[in-house]
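Everything on this sheet refers to the single structure shown next.
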Amino acid sequence: MSIFRTFLLLLLFILLSANINLNQENATPIETSIPVSQNSKNNNAFELQFRTKKIVSLSIVMAILLFILFYFFYQNNKLKQKIKRKDTKQKILLDVINAGIDSQEVERKKIASFLHDNINSLLSSVGLHLNTFTAQNNIKSEEIQKAKSILAEAHDLLRDMSHDLVPTLLARFGLIYALEDLCEKNSNSSILFEFSSTISTEKRYIEKFEMKLYFIVTELFNNIIKHSGARKAKIMLSEKDNQFTIIIHDDGKGFKSEKRNQAEGFGLNRIRARIKKYKGSISINSKSNEGTSIKILVPLPH
């Protein structure tokens, strides 16, 4: 817009200057009784021809300026339309990703509930009846003991699967406590996850908010374990100015800026879509062999 203003001001200045000059040249001279000589007539003819050339030149300059102005206006509109189309495509893509994520989370919760409330209950009931039957009939059979062992193992596997789908600690004690436990579960002899928070572990948020942030952190932790080669990672949680802040830093190999697109394949597009839905932001700072820092800001739910 500043370019357009400049051209408009320049055009107005030229028109104003030309108008003043023409007015001055066309001013009627004071009549005198001195007769007009042939030389004076020639001068008037020359001045008229000069003024005509000047008007023609000015018209050409004006036409060029108008063409340039129109060209910039056309290119500006074209660029705006291109940006608008790009934003629309990006919005559609984010909506599709978020719709997929929401449906996955709903199905995750349904499956976890089904496994916990139905399948595990049935397995527990089978084990109970089997124990009662063997006790009442004083049966000691190796096959029955193996069956009991298999039932107990299946029960434990389904319980763990149910907890992975919707962590019990998250549902019972909240996000902060669950993330602290996540750090402990992912720490081993190869990598240490440190936990730091200025928020009380007793603080609770709405269920959807806690689930989304928990699985965002889970996905980032998985990326660190699989791709970073880090020996140490740290997560820091805080609240400030009605914003929930998550900072995750690792001392891994990092990646160069020109390989950012490759790193985006590590699930970051899904994470960006989740954060965008909550009108938050994510920034990634990474240098080769110096680790990676990720900062997430999400407005607190009301």
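Chain labels run A, B, ... following the order of the structure tokens; each chain numbers its residues from 1, and ligands are numbered from 1 in the order shown.
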(request) Among the residues of stretch 129-301 of chain A, find those DSSP assigns to helix (DSSP H, G or I) from the backbone and print them as a PyMOL selection string. (result) chain A and resi 129-136+142-165+168-173+175-186+207-228+257-263+268-277
Proximity check stretch 221-253 of chain A to stretch 178-201 of chain A, 9 Å, nearest pairs one decimal Å, only C-alpha atoms, as a tab-separated table:
```
residue	atom	partner	partner_atom	distance
A:Phe221	CA	A:Asn186	CA	8.1
A:Ile225	CA	A:Ile191	CA	7.8
A:Gly229	CA	A:Ile191	CA	8.7
A:Ala230	CA	A:Ile191	CA	6.6
A:Arg231	CA	A:Ile191	CA	4.4
A:Lys232	CA	A:Leu192	CA	4.8
A:Ala233	CA	A:Phe193	CA	4.8
A:Lys234	CA	A:Glu194	CA	4.5
A:Ile235	CA	A:Phe195	CA	5.3
A:Met236	CA	A:Ser196	CA	4.7
A:Leu237	CA	A:Ser197	CA	4.6
A:Ser238	CA	A:Thr198	CA	5.3
A:Glu239	CA	A:Ile199	CA	7.1
A:Asp250	CA	A:Phe193	CA	8.9
```
Taking C-alpha atoms for each residue, export the selection above as a PDB file, in the first residue's frame.
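Everything below was put into again.pdb:
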```
ATOM      1  CA  PHE A 221       8.972 -38.060  23.966  1.00  0.00           C
ATOM      2  CA  ILE A 225      13.690 -41.697  22.104  1.00  0.00           C
ATOM      3  CA  GLY A 229      20.072 -40.082  20.241  1.00  0.00           C
ATOM      4  CA  ALA A 230      19.853 -37.989  23.426  1.00  0.00           C
ATOM      5  CA  ARG A 231      21.135 -39.090  26.815  1.00  0.00           C
ATOM      6  CA  LYS A 232      19.148 -36.519  28.733  1.00  0.00           C
ATOM      7  CA  ALA A 233      15.878 -34.661  28.211  1.00  0.00           C
ATOM      8  CA  LYS A 234      13.885 -32.293  30.373  1.00  0.00           C
ATOM      9  CA  ILE A 235      10.301 -31.062  30.402  1.00  0.00           C
ATOM     10  CA  MET A 236       9.317 -27.812  32.135  1.00  0.00           C
ATOM     11  CA  LEU A 237       5.713 -26.804  32.810  1.00  0.00           C
ATOM     12  CA  SER A 238       4.435 -23.385  33.843  1.00  0.00           C
ATOM     13  CA  GLU A 239       1.449 -21.039  33.740  1.00  0.00           C
ATOM     14  CA  ASP A 250      17.116 -32.709  24.771  1.00  0.00           C
TER      15      ASP A 250
END
```
(request) Please measure the separation of atom CA of A:Phe244 and atom CA of A:Leu297, giving the value in Å to one decimal. (result)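 Between atom CA of A:Phe244 and atom CA of A:Leu297 the gap is 5.8 Å.
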Each stretch 136-221 of chain A residue no farther than 9 Å from stretch 269-289 of chain A, nearest pair in Å, only C-alpha atoms, as CSV:
```
residue,atom,partner,partner_atom,distance
A:Phe209,CA,A:Tyr278,CA,8.8
A:Lys212,CA,A:Arg274,CA,7.3
A:Leu213,CA,A:Ile275,CA,8.6
A:Ile216,CA,A:Ile271,CA,6.1
A:Glu219,CA,A:Ile271,CA,8.1
A:Leu220,CA,A:Ile271,CA,8.6
```
(message) What's the separation between atom CA of A:Lys80 and atom CA of A:Met62, in Å to one decimal place?
(response)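 Calculated distance between atom CA of A:Lys80 and atom CA of A:Met62 is 26.7 Å.
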(request) Calculate how many Å separate atom CA of A:Phe72 from atom CA of A:Asp87, rounding to one decimal. (result) 22.2 Å
(request) Enumerate, as a list in words, the complete set of residues in stretch 107-246 of chain A that a backbone-based DSSP assignment places in strand (DSSP E or B). (result)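 Everything in stretch 107-246 of chain A that counts as strand (DSSP E or B) is Leu192, Phe193, Glu194, Phe195, Ser196, Ser197, Lys232, Ala233, Lys234, Ile235, Met236, Leu237, Ser238, Glu239, Lys240, Gln243, Phe244, Thr245 and Ile246 of chain A.
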Quick one: write out the picked residues with C-alpha atoms as an mmCIF file, in the first residue's frame?
```
data_model
loop_
_atom_site.group_PDB
_atom_site.id
_atom_site.type_symbol
_atom_site.label_atom_id
_atom_site.label_comp_id
_atom_site.auth_asym_id
_atom_site.auth_seq_id
_atom_site.Cartn_x
_atom_site.Cartn_y
_atom_site.Cartn_z
ATOM 1 C CA LEU A 192 16.959 -39.741 31.554
ATOM 2 C CA PHE A 193 13.804 -37.623 31.442
ATOM 3 C CA GLU A 194 13.775 -34.856 34.047
ATOM 4 C CA PHE A 195 10.550 -33.230 35.208
ATOM 5 C CA SER A 196 10.147 -29.638 36.396
ATOM 6 C CA SER A 197 6.910 -27.776 37.091
ATOM 7 C CA LYS A 232 19.148 -36.519 28.733
ATOM 8 C CA ALA A 233 15.878 -34.661 28.211
ATOM 9 C CA LYS A 234 13.885 -32.293 30.373
ATOM 10 C CA ILE A 235 10.301 -31.062 30.402
ATOM 11 C CA MET A 236 9.317 -27.812 32.135
ATOM 12 C CA LEU A 237 5.713 -26.804 32.810
ATOM 13 C CA SER A 238 4.435 -23.385 33.843
ATOM 14 C CA GLU A 239 1.449 -21.039 33.740
ATOM 15 C CA LYS A 240 1.735 -17.333 32.971
ATOM 16 C CA GLN A 243 -1.010 -19.399 28.992
ATOM 17 C CA PHE A 244 0.057 -22.999 29.623
ATOM 18 C CA THR A 245 3.720 -23.371 28.684
ATOM 19 C CA ILE A 246 5.569 -26.593 27.873
#
```
